[in-house]
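Text of input08.tsv (TSV, C-alpha atoms) as supplied:
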```
chain	number	residue	atom	x	y	z
A	1	MET	CA	4.56	19.20	-3.58
A	2	SER	CA	6.07	22.67	-3.96
A	3	GLU	CA	5.53	22.53	-7.70
A	4	ALA	CA	1.92	21.53	-7.27
A	5	ASN	CA	1.36	24.32	-4.78
A	6	ALA	CA	2.62	26.84	-7.29
A	7	SER	CA	-0.45	26.28	-9.43
A	8	ALA	CA	-3.04	29.00	-8.89
A	9	THR	CA	-5.87	26.53	-9.41
A	10	ARG	CA	-4.69	24.26	-6.65
A	11	ILE	CA	-4.62	26.55	-3.68
A	12	THR	CA	-6.02	24.80	-0.69
A	13	PRO	CA	-6.64	27.04	2.30
A	14	GLY	CA	-4.71	25.93	5.34
A	15	ASN	CA	-2.73	23.49	3.21
A	16	ALA	CA	-5.46	20.89	3.55
A	17	LEU	CA	-4.54	17.43	2.40
A	18	ARG	CA	-5.34	16.75	-1.25
A	19	PRO	CA	-5.84	13.39	-2.99
A	20	GLU	CA	-2.72	14.08	-5.07
A	21	ASP	CA	-0.71	14.38	-1.85
A	22	ILE	CA	-2.17	11.17	-0.46
A	23	ALA	CA	-1.17	9.33	-3.64
A	24	LEU	CA	2.42	10.51	-3.22
A	25	GLN	CA	2.85	10.04	0.49
A	26	ASP	CA	4.40	6.97	2.06
A	27	ALA	CA	1.57	6.18	4.46
A	28	THR	CA	-0.26	3.03	3.46
A	29	PRO	CA	-3.27	1.80	5.41
A	30	GLY	CA	-3.64	-1.72	6.64
A	31	ASP	CA	-6.39	-3.79	5.06
A	32	ALA	CA	-8.99	-3.00	7.74
A	33	VAL	CA	-8.40	0.76	7.67
A	34	ALA	CA	-8.46	0.64	3.87
A	35	ARG	CA	-11.83	-1.12	3.87
A	36	TYR	CA	-13.14	1.40	6.39
A	37	ALA	CA	-11.96	4.30	4.21
A	38	LEU	CA	-13.53	2.60	1.21
A	39	GLY	CA	-16.97	2.67	2.83
A	40	LEU	CA	-16.73	6.37	3.66
A	41	GLY	CA	-15.38	7.14	0.20
A	42	ASP	CA	-18.18	5.20	-1.47
A	43	ASP	CA	-20.80	7.11	0.55
A	44	ALA	CA	-19.36	10.40	-0.68
A	45	LEU	CA	-18.95	9.20	-4.27
A	46	ILE	CA	-22.48	7.86	-4.65
A	47	LEU	CA	-24.01	10.91	-2.97
A	48	ALA	CA	-22.04	13.18	-5.31
A	49	GLN	CA	-23.28	11.22	-8.32
A	50	ARG	CA	-26.86	11.59	-7.10
A	51	LEU	CA	-26.50	15.32	-6.40
A	52	GLY	CA	-24.90	15.93	-9.77
A	53	TRP	CA	-28.22	15.01	-11.35
A	54	TRP	CA	-29.65	18.27	-10.03
A	55	ILE	CA	-27.32	20.44	-12.09
A	56	SER	CA	-29.59	22.40	-14.45
A	57	ARG	CA	-32.68	20.97	-12.74
A	58	ALA	CA	-32.76	22.74	-9.36
A	59	PRO	CA	-35.60	25.17	-8.62
A	60	GLU	CA	-33.37	28.18	-9.30
A	61	LEU	CA	-29.96	28.74	-10.85
A	62	GLU	CA	-28.53	29.66	-7.45
A	63	GLU	CA	-29.65	26.32	-6.05
A	64	ASP	CA	-28.06	24.53	-9.02
A	65	VAL	CA	-24.79	26.07	-7.91
A	66	ALA	CA	-25.31	25.23	-4.23
A	67	LEU	CA	-26.08	21.56	-4.88
A	68	ALA	CA	-23.26	21.32	-7.42
A	69	ASN	CA	-20.84	22.76	-4.88
A	70	ILE	CA	-21.94	20.21	-2.31
A	71	ALA	CA	-21.55	17.45	-4.89
A	72	LEU	CA	-18.03	18.68	-5.68
A	73	ASP	CA	-17.11	18.72	-2.00
A	74	GLN	CA	-18.31	15.13	-1.74
A	75	ILE	CA	-16.30	14.12	-4.79
A	76	GLY	CA	-13.28	15.66	-3.11
A	77	HIS	CA	-13.85	13.61	0.03
A	78	ALA	CA	-14.42	10.48	-2.06
A	79	ARG	CA	-11.18	11.06	-3.97
A	80	SER	CA	-9.18	11.34	-0.76
A	81	PHE	CA	-10.71	8.28	0.90
A	82	LEU	CA	-10.51	6.13	-2.24
A	83	THR	CA	-6.96	7.21	-3.03
A	84	TYR	CA	-5.91	6.30	0.49
A	85	ALA	CA	-7.80	3.00	0.50
A	86	GLY	CA	-6.39	2.13	-2.90
A	87	ARG	CA	-2.82	2.37	-1.62
A	88	ALA	CA	-3.46	-0.81	0.37
A	89	TRP	CA	-4.32	-2.72	-2.80
A	90	ASP	CA	-2.19	-0.88	-5.35
A	91	LYS	CA	-5.23	0.68	-6.97
A	92	THR	CA	-5.96	4.26	-7.99
A	93	GLU	CA	-9.05	6.28	-7.10
A	94	ASP	CA	-10.28	5.73	-10.68
A	95	ASP	CA	-9.76	1.95	-10.43
A	96	LEU	CA	-11.97	1.92	-7.37
A	97	ALA	CA	-14.60	4.34	-8.65
A	98	TYR	CA	-15.01	3.01	-12.18
A	99	PHE	CA	-13.91	-0.60	-12.23
A	100	ARG	CA	-15.66	-2.16	-9.27
A	101	ARG	CA	-18.93	-4.00	-9.64
A	102	GLU	CA	-21.99	-3.23	-7.59
A	103	PRO	CA	-21.40	-5.88	-4.86
A	104	GLU	CA	-17.92	-4.46	-4.33
A	105	PHE	CA	-19.26	-1.04	-3.32
A	106	ARG	CA	-19.54	-0.38	0.41
A	107	SER	CA	-21.84	2.65	0.48
A	108	VAL	CA	-24.92	2.85	2.68
A	109	HIS	CA	-28.37	2.65	1.11
A	110	LEU	CA	-29.29	6.21	2.04
A	111	VAL	CA	-26.95	7.82	-0.50
A	112	GLU	CA	-28.24	5.73	-3.39
A	113	GLN	CA	-31.88	6.64	-2.77
A	114	PRO	CA	-33.56	8.43	-5.69
A	115	ASN	CA	-33.53	12.21	-5.70
A	116	GLY	CA	-37.31	12.48	-5.82
A	117	ASP	CA	-38.46	16.07	-5.73
A	118	PHE	CA	-36.41	18.88	-4.20
A	119	ALA	CA	-37.85	18.25	-0.73
A	120	ARG	CA	-36.88	14.59	-0.83
A	121	THR	CA	-33.35	15.49	-1.85
A	122	ILE	CA	-33.21	18.01	0.98
A	123	ALA	CA	-34.46	15.37	3.43
A	124	ARG	CA	-31.65	13.06	2.31
A	125	GLN	CA	-29.14	15.91	2.53
A	126	PHE	CA	-30.38	16.75	6.01
A	127	VAL	CA	-29.73	13.23	7.26
A	128	VAL	CA	-26.45	12.72	5.40
A	129	ALA	CA	-24.98	16.08	6.39
A	130	LEU	CA	-25.84	15.73	10.08
A	131	TYR	CA	-24.51	12.18	10.10
A	132	GLN	CA	-21.31	13.09	8.25
A	133	TRP	CA	-20.74	16.05	10.53
A	134	GLU	CA	-21.01	13.87	13.63
A	135	LEU	CA	-18.71	11.31	12.01
A	136	TYR	CA	-16.00	13.64	10.69
A	137	SER	CA	-15.92	15.82	13.79
A	138	ARG	CA	-14.83	12.70	15.66
A	139	LEU	CA	-12.71	11.18	12.90
A	140	VAL	CA	-10.38	14.20	13.18
A	141	HIS	CA	-9.09	12.43	16.30
A	142	SER	CA	-8.40	9.19	14.41
A	143	SER	CA	-5.19	7.41	15.32
A	144	ASP	CA	-4.59	7.20	11.57
A	145	PRO	CA	-3.08	10.59	10.57
A	146	THR	CA	-4.34	10.43	6.98
A	147	LEU	CA	-7.93	9.69	7.98
A	148	ALA	CA	-7.69	12.48	10.55
A	149	ALA	CA	-6.43	14.91	7.91
A	150	ILE	CA	-9.15	13.97	5.41
A	151	ALA	CA	-11.76	14.42	8.13
A	152	ALA	CA	-10.33	17.79	9.16
A	153	LYS	CA	-10.82	19.13	5.65
A	154	ALA	CA	-14.19	17.44	5.17
A	155	VAL	CA	-15.78	18.52	8.43
A	156	LYS	CA	-15.57	22.20	7.53
A	157	GLU	CA	-17.26	21.58	4.21
A	158	VAL	CA	-19.89	19.29	5.69
A	159	ASP	CA	-20.65	21.97	8.26
A	160	TYR	CA	-21.83	24.09	5.35
A	161	HIS	CA	-23.81	21.20	3.84
A	162	ARG	CA	-25.52	20.84	7.19
A	163	ASP	CA	-26.41	24.51	7.29
A	164	HIS	CA	-27.71	24.41	3.71
A	165	ALA	CA	-29.96	21.44	4.43
A	166	ILE	CA	-31.26	22.86	7.71
A	167	GLN	CA	-32.13	26.19	6.09
A	168	TRP	CA	-34.14	24.38	3.44
A	169	VAL	CA	-35.87	22.01	5.87
A	170	LEU	CA	-37.06	25.06	7.80
A	171	ARG	CA	-38.18	26.96	4.72
A	172	LEU	CA	-39.98	24.03	3.12
A	173	ALA	CA	-41.61	22.95	6.38
A	174	LEU	CA	-42.74	26.44	7.33
A	175	GLY	CA	-43.34	27.69	3.79
A	176	THR	CA	-46.49	26.94	1.82
A	177	GLU	CA	-48.94	24.13	2.43
A	178	GLU	CA	-47.51	22.39	-0.63
A	179	SER	CA	-43.86	22.75	0.42
A	180	ARG	CA	-44.70	21.46	3.89
A	181	ARG	CA	-46.53	18.46	2.45
A	182	ARG	CA	-43.51	17.65	0.29
A	183	MET	CA	-41.04	18.08	3.15
A	184	ILE	CA	-43.04	15.68	5.32
A	185	ALA	CA	-43.21	13.18	2.45
A	186	GLY	CA	-39.48	13.56	1.82
A	187	LEU	CA	-38.59	12.83	5.44
A	188	ARG	CA	-40.93	9.85	5.45
A	189	LEU	CA	-39.25	8.35	2.39
A	190	THR	CA	-35.79	9.01	3.83
A	191	TRP	CA	-36.16	7.82	7.37
A	192	PRO	CA	-36.06	4.04	6.78
A	193	TYR	CA	-32.40	4.46	5.74
A	194	VAL	CA	-31.27	6.27	8.90
A	195	GLU	CA	-30.83	3.10	10.95
A	196	GLU	CA	-28.10	1.69	8.73
A	197	LEU	CA	-25.89	4.74	9.31
A	198	PHE	CA	-25.52	3.84	12.97
A	199	THR	CA	-25.14	0.09	12.65
A	200	ASP	CA	-21.82	-1.31	13.85
A	201	HIS	CA	-20.21	-3.92	11.62
A	202	PRO	CA	-17.41	-6.30	12.69
A	203	LEU	CA	-14.95	-4.24	10.65
A	204	ILE	CA	-15.14	-1.43	13.20
A	205	ASP	CA	-13.54	-3.71	15.81
A	206	GLU	CA	-10.64	-4.41	13.46
A	207	VAL	CA	-10.18	-0.71	12.76
A	208	GLY	CA	-9.98	0.23	16.43
A	209	ASP	CA	-8.95	3.81	17.23
A	210	ALA	CA	-8.50	4.66	13.57
A	211	GLY	CA	-12.26	4.68	13.02
A	212	VAL	CA	-15.40	5.95	14.68
A	213	ARG	CA	-17.98	3.51	15.99
A	214	PRO	CA	-21.27	4.35	14.18
A	215	SER	CA	-23.52	3.54	17.13
A	216	GLU	CA	-21.73	6.16	19.23
A	217	LEU	CA	-22.89	8.91	16.87
A	218	ARG	CA	-26.58	8.19	17.30
A	219	ALA	CA	-27.35	10.19	20.43
A	220	SER	CA	-25.88	13.46	19.21
A	221	PHE	CA	-27.39	12.91	15.75
A	222	ASP	CA	-30.84	12.43	17.29
A	223	SER	CA	-30.37	15.52	19.41
A	224	ALA	CA	-29.37	17.67	16.41
A	225	VAL	CA	-32.24	16.31	14.34
A	226	GLY	CA	-34.67	16.95	17.16
A	227	THR	CA	-33.64	20.59	17.48
A	228	VAL	CA	-34.24	21.28	13.79
A	229	LEU	CA	-37.48	19.32	13.53
A	230	THR	CA	-38.89	21.09	16.58
A	231	GLU	CA	-38.17	24.45	15.01
A	232	ALA	CA	-39.67	23.22	11.74
A	233	GLU	CA	-42.74	21.92	13.59
A	234	LEU	CA	-42.11	18.45	12.19
A	235	GLU	CA	-41.97	15.03	13.77
A	236	ILE	CA	-39.64	12.12	13.19
A	237	PRO	CA	-41.54	9.86	10.79
A	238	ALA	CA	-42.91	6.72	12.42
A	239	VAL	CA	-41.67	4.30	9.78
A	240	PRO	CA	-39.84	1.00	10.16
A	241	GLY	CA	-36.18	0.80	9.18
A	242	ALA	CA	-35.24	-0.72	5.83
A	243	VAL	CA	-32.95	-3.70	5.50
A	244	GLY	CA	-29.44	-2.29	5.15
A	245	GLY	CA	-26.30	-4.15	4.23
A	246	GLY	CA	-24.60	-1.60	2.02
A	247	ARG	CA	-21.37	-1.88	4.02
A	248	LEU	CA	-21.43	-5.60	3.24
A	249	GLY	CA	-22.01	-5.05	-0.47
A	250	ARG	CA	-25.74	-5.73	-0.47
A	251	HIS	CA	-27.43	-2.84	-2.22
A	252	SER	CA	-30.87	-1.66	-3.21
A	253	GLU	CA	-32.03	-1.90	-6.80
A	254	HIS	CA	-31.00	1.72	-7.42
A	255	LEU	CA	-27.23	1.42	-7.23
A	256	GLY	CA	-26.72	-0.73	-10.32
A	257	TYR	CA	-28.39	1.82	-12.60
A	258	MET	CA	-26.34	4.63	-11.08
A	259	LEU	CA	-23.08	2.77	-11.55
A	260	ALA	CA	-23.94	1.94	-15.14
A	261	GLU	CA	-24.28	5.63	-15.86
A	262	MET	CA	-21.30	6.67	-13.75
A	263	GLN	CA	-18.92	4.04	-15.09
A	264	VAL	CA	-19.89	3.75	-18.75
A	265	LEU	CA	-17.33	6.21	-20.11
A	266	ALA	CA	-14.40	4.86	-18.13
A	267	ARG	CA	-15.27	1.29	-19.08
A	268	GLU	CA	-15.86	2.13	-22.75
A	269	PHE	CA	-12.51	3.93	-22.98
A	270	PRO	CA	-10.21	2.42	-20.34
A	271	GLY	CA	-7.37	4.77	-19.46
A	272	ALA	CA	-9.14	7.82	-20.88
A	273	SER	CA	-8.45	11.03	-19.03
A	274	TRP	CA	-10.76	14.02	-18.83
B	1	MET	CA	-40.83	8.87	-16.26
B	2	THR	CA	-39.60	10.75	-19.24
B	3	GLY	CA	-36.35	9.82	-20.98
B	4	GLY	CA	-32.87	10.85	-20.03
B	5	SER	CA	-31.12	9.90	-16.86
B	6	THR	CA	-31.73	6.48	-15.45
B	7	THR	CA	-30.50	7.60	-12.07
B	8	GLY	CA	-32.79	10.53	-11.71
B	9	ASP	CA	-36.05	11.09	-10.31
B	10	ASP	CA	-39.64	10.47	-10.52
B	11	GLY	CA	-41.01	13.44	-8.63
B	12	ALA	CA	-39.36	16.42	-10.25
B	13	THR	CA	-40.47	15.42	-13.74
B	14	ALA	CA	-44.04	14.71	-12.71
B	15	PRO	CA	-46.72	16.43	-14.77
B	16	SER	CA	-47.05	20.03	-13.76
B	17	SER	CA	-49.76	20.81	-11.30
B	18	GLY	CA	-49.59	24.46	-12.22
B	19	LEU	CA	-47.83	25.29	-8.96
B	20	HIS	CA	-44.58	26.08	-10.67
B	21	GLU	CA	-46.16	28.57	-13.02
B	22	GLU	CA	-47.89	30.35	-10.18
B	23	ARG	CA	-44.84	30.56	-7.97
B	24	ALA	CA	-43.54	34.05	-7.38
B	25	ALA	CA	-39.97	34.58	-8.58
B	26	TRP	CA	-37.31	34.98	-5.92
B	27	PRO	CA	-36.34	38.62	-5.38
B	28	LEU	CA	-33.06	40.00	-6.71
B	29	TRP	CA	-30.18	40.83	-4.36
B	30	GLU	CA	-27.02	42.81	-4.97
B	31	VAL	CA	-23.84	41.30	-3.55
B	32	PHE	CA	-20.91	43.24	-2.12
B	33	VAL	CA	-17.66	41.46	-1.22
B	34	ARG	CA	-14.84	42.79	0.90
B	35	SER	CA	-11.70	41.13	-0.34
B	36	SER	CA	-9.64	41.79	2.78
B	37	ARG	CA	-9.59	43.75	5.98
B	38	GLY	CA	-9.24	47.47	5.53
B	39	LEU	CA	-10.79	47.56	2.05
B	40	SER	CA	-14.34	48.57	1.19
B	41	HIS	CA	-17.04	46.18	0.13
B	42	VAL	CA	-17.14	46.19	-3.67
B	43	HIS	CA	-20.12	45.24	-5.79
B	44	ALA	CA	-19.55	41.74	-7.12
B	45	GLY	CA	-22.81	40.97	-8.87
B	46	SER	CA	-26.35	39.94	-8.17
B	47	LEU	CA	-28.36	36.82	-7.47
B	48	HIS	CA	-31.82	35.55	-6.65
B	49	ALA	CA	-32.73	34.23	-3.21
B	50	PRO	CA	-35.95	33.70	-1.27
B	51	ASP	CA	-34.78	35.73	1.71
B	52	ALA	CA	-31.79	37.56	3.17
B	53	GLU	CA	-30.25	34.57	4.95
B	54	MET	CA	-30.33	32.44	1.83
B	55	ALA	CA	-29.02	35.38	-0.19
B	56	VAL	CA	-25.88	35.47	1.98
B	57	ARG	CA	-25.43	31.73	1.49
B	58	ASN	CA	-25.96	31.92	-2.25
B	59	ALA	CA	-23.54	34.84	-2.38
B	60	ARG	CA	-20.96	32.72	-0.60
B	61	ASP	CA	-21.45	29.98	-3.22
B	62	LEU	CA	-21.41	32.29	-6.21
B	63	TYR	CA	-18.86	34.94	-5.30
B	64	THR	CA	-16.45	33.70	-2.62
B	65	ARG	CA	-15.62	30.08	-3.41
B	66	ARG	CA	-12.05	30.92	-4.44
B	67	ASN	CA	-10.97	32.93	-1.42
B	68	GLU	CA	-12.27	36.21	-2.83
B	69	GLY	CA	-13.53	37.64	0.38
B	70	VAL	CA	-13.63	37.99	4.12
B	71	SER	CA	-17.04	39.66	4.36
B	72	LEU	CA	-20.28	39.73	2.39
B	73	TRP	CA	-23.12	42.20	2.18
B	74	VAL	CA	-26.36	41.50	0.40
B	75	VAL	CA	-28.85	44.25	-0.32
B	76	PRO	CA	-32.30	43.90	-1.86
B	77	ALA	CA	-31.90	45.29	-5.37
B	78	SER	CA	-35.17	47.13	-4.87
B	79	SER	CA	-33.57	49.10	-2.03
B	80	ILE	CA	-30.94	50.60	-4.28
B	81	ILE	CA	-31.80	53.98	-5.76
B	82	THR	CA	-29.74	54.68	-8.86
B	83	SER	CA	-28.80	57.75	-10.78
B	84	ASP	CA	-30.65	58.22	-14.05
B	85	PRO	CA	-28.51	56.80	-16.90
B	86	ASP	CA	-30.04	59.35	-19.29
B	87	ALA	CA	-28.96	62.23	-17.07
B	88	LYS	CA	-25.30	61.29	-17.34
B	89	GLU	CA	-24.08	64.62	-18.66
B	90	ALA	CA	-25.78	66.83	-16.16
B	91	PHE	CA	-24.94	64.49	-13.36
B	92	PHE	CA	-21.31	63.62	-13.93
B	93	GLU	CA	-19.76	66.02	-16.41
B	94	SER	CA	-20.43	69.29	-14.68
B	95	PRO	CA	-16.87	69.45	-13.25
B	96	GLN	CA	-15.56	70.04	-16.79
B	97	GLY	CA	-14.66	73.65	-17.20
B	98	LYS	CA	-14.57	74.09	-13.47
B	99	ASP	CA	-10.86	73.77	-13.01
B	100	TYR	CA	-11.02	75.69	-9.79
B	101	ARG	CA	-12.39	72.52	-8.18
B	102	HIS	CA	-8.97	70.93	-8.53
B	103	ALA	CA	-5.98	71.75	-6.37
B	104	THR	CA	-3.71	72.02	-9.42
B	105	TYR	CA	-5.66	75.12	-10.54
B	106	TYR	CA	-4.08	77.18	-7.86
B	107	THR	CA	-0.55	78.56	-7.86
B	108	LYS	CA	1.37	78.25	-4.69
B	109	SER	CA	1.77	81.46	-2.83
B	110	GLU	CA	5.28	82.67	-2.24
B	111	GLY	CA	6.63	81.93	1.13
B	112	VAL	CA	4.41	78.93	1.81
B	113	LYS	CA	6.87	76.22	2.62
B	114	HIS	CA	4.97	73.16	3.58
B	115	LEU	CA	2.10	72.99	1.10
```
Written as structure tokens, that's how I'd like the structure from this file.
Amino acid sequence: MSEANASATRITPGNALRPEDIALQDATPGDAVARYALGLGDDALILAQRLGWWISRAPELEEDVALANIALDQIGHARSFLTYAGRAWDKTEDDLAYFRREPEFRSVHLVEQPNGDFARTIARQFVVALYQWELYSRLVHSSDPTLAAIAAKAVKEVDYHRDHAIQWVLRLALGTEESRRRMIAGLRLTWPYVEELFTDHPLIDEVGDAGVRPSELRASFDSAVGTVLTEAELEIPAVPGAVGGGRLGRHSEHLGYMLAEMQVLAREFPGASW
Amino acid sequence: MTGGSTTGDDGATAPSSGLHEERAAWPLWEVFVRSSRGLSHVHAGSLHAPDAEMAVRNARDLYTRRNEGVSLWVVPASSIITSDPDAKEAFFESPQGKDYRHATYYTKSEGVKHL
């Protein structure tokens, strides 16, 4: 720990918990908490993979950097959650990220949705960031100290993701006729996947005070969304919810292609480090 | 869909409608970072942003991600009036030969104790 802290590249403000620390610590989650952490870690991992696609493709160089930073934050959260979950099954973060098959992932459908144009990506970011902020700001009170510590680090970063998305929703919605049209279309394509975020699964009963019940986040999420959409002169799209099931391993057709790309190197060269 | 990533997108690679070409470029902003309390803001670089609020956010991403600062200023580059690089000599070298502008030019008078 002290040796790791001596490295200039590993300074973490406020001594926030790092995945390397989680791997070394004694705390091991029970099976239910591990499966809960796995779902949150998978959300962050898949979202990061999606956002990484934008690097070199964003509207401006500065936005390349912003989206890449958000993707890196999400990878950081994924690493912590997956490292912690993996301790329950004697697996590393890489085992879980690169050597699970599609039905073994527990991410929600929203994060695997295609990037679309910039407005659609911003719509997805808007929903994910507001949801994750509601989630992590409560998970800091988890009865599981490791989950609480991961959430405490993540919530500060997600607060910035939330701000980034809101700024862009406002600018696209109130910008040109074309940007507004795209923002409305982006929200419309995104909204079917909102419902799944707030669906309670039986696992949450097993997790108890260590987790946060998704349905309890809905009211404050709706309120936060409403505030932004009012300012943006937008309405919540009137579209039916899509069939979810990501937390149960049932995914849309998009995830398999993503995993193929994400996992190909690790599977081609098992044990490679980079 | 063009080639490349299988996980990417359909919209961003759509045939150009001409909108992109017509879009005005984002204005340039100069970024000043104060590394800690008590120090001045120092010029760190520049960036493009659509407006001032986004410029501050982009500055945070580009210039303060590694604990570089406690405060950021962004200024529209167009608001900065510069000295003329070609007028360097007249502008900056005039002190040469004017030693009397420096304190060391003067000899201390006798009897002055606390100078």
Can you write out as a tab-separated table which residues of chain A fall within 6 Å of chain B, alongside each residue's closest atom pair and its distance in Å to one decimal, counting all atoms listed in the file and ordering rows by chain and ascending residue number?
```
residue	atom	partner	partner_atom	distance
A:Pro114	CA	B:Asp9	CA	5.9
A:Asn115	CA	B:Asp9	CA	5.4
A:Gly116	CA	B:Gly11	CA	4.7
A:Asp117	CA	B:Ala12	CA	4.6
A:Met258	CA	B:Thr7	CA	5.2
```
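Among the candidates A:Asp95, A:Glu231, A:Asp90, A:Glu268, the one nearest to A:Arg171 when counting all atoms listed in the file is A:Glu231.
Within 12 Å of B:Ile80, once all atoms listed in the file are used and residues closer than 5 positions along the same chain are dropped, the contacting residues are Leu28, Trp29, Glu30, Val31, Val74 and Val75 of chain B.
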field: Coordinates-based distance that separates atom CA of A:Glu253 from atom CA of A:Ala78 (Å, one decimal)
entry: 22.0 Å
- prompt: Which polymer residues have any atom within 9 Å of an atom of A:Glu102, counting all atoms listed in the file, with same-chain residues fewer than 2 positions away left out, as a list of chain:residue names?
  reply: A:Arg100, A:Glu104, A:Phe105, A:Arg106, A:Gly249, A:Arg250, A:His251, A:Leu255, A:Gly256, A:Leu259
At most 12 Å from (-8.0, 6.3, -18.9), file frame, only C-alpha atoms: which residues, as a PDB file with C-alpha atoms, in the coordinates of the input?
```pdb
ATOM      1  CA  THR A  92      -5.960   4.260  -7.990  1.00  0.00           C
ATOM      2  CA  GLU A  93      -9.050   6.280  -7.100  1.00  0.00           C
ATOM      3  CA  ASP A  94     -10.280   5.730 -10.680  1.00  0.00           C
ATOM      4  CA  ASP A  95      -9.760   1.950 -10.430  1.00  0.00           C
ATOM      5  CA  TYR A  98     -15.010   3.010 -12.180  1.00  0.00           C
ATOM      6  CA  PHE A  99     -13.910  -0.600 -12.230  1.00  0.00           C
ATOM      7  CA  GLN A 263     -18.920   4.040 -15.090  1.00  0.00           C
ATOM      8  CA  LEU A 265     -17.330   6.210 -20.110  1.00  0.00           C
ATOM      9  CA  ALA A 266     -14.400   4.860 -18.130  1.00  0.00           C
ATOM     10  CA  ARG A 267     -15.270   1.290 -19.080  1.00  0.00           C
ATOM     11  CA  GLU A 268     -15.860   2.130 -22.750  1.00  0.00           C
ATOM     12  CA  PHE A 269     -12.510   3.930 -22.980  1.00  0.00           C
ATOM     13  CA  PRO A 270     -10.210   2.420 -20.340  1.00  0.00           C
ATOM     14  CA  GLY A 271      -7.370   4.770 -19.460  1.00  0.00           C
ATOM     15  CA  ALA A 272      -9.140   7.820 -20.880  1.00  0.00           C
ATOM     16  CA  SER A 273      -8.450  11.030 -19.030  1.00  0.00           C
ATOM     17  CA  TRP A 274     -10.760  14.020 -18.830  1.00  0.00           C
TER      18      TRP A 274
END
```
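The space separating atom CA of A:Ala32 from atom CA of A:His201 comes to 11.9 Å.
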message: Between atom CA of A:Tyr136 and atom CA of A:Ser215, what distance in Å does the model show, to one decimal?
response: 14.1 Å
message: Env of A:Leu67: 8 Å cut, atoms = all atoms listed in the file, seq-sep filter 6 positions within chain, self excluded. Answer as a PyMOL selection string.
response: chain A and resi 51-52+54-55
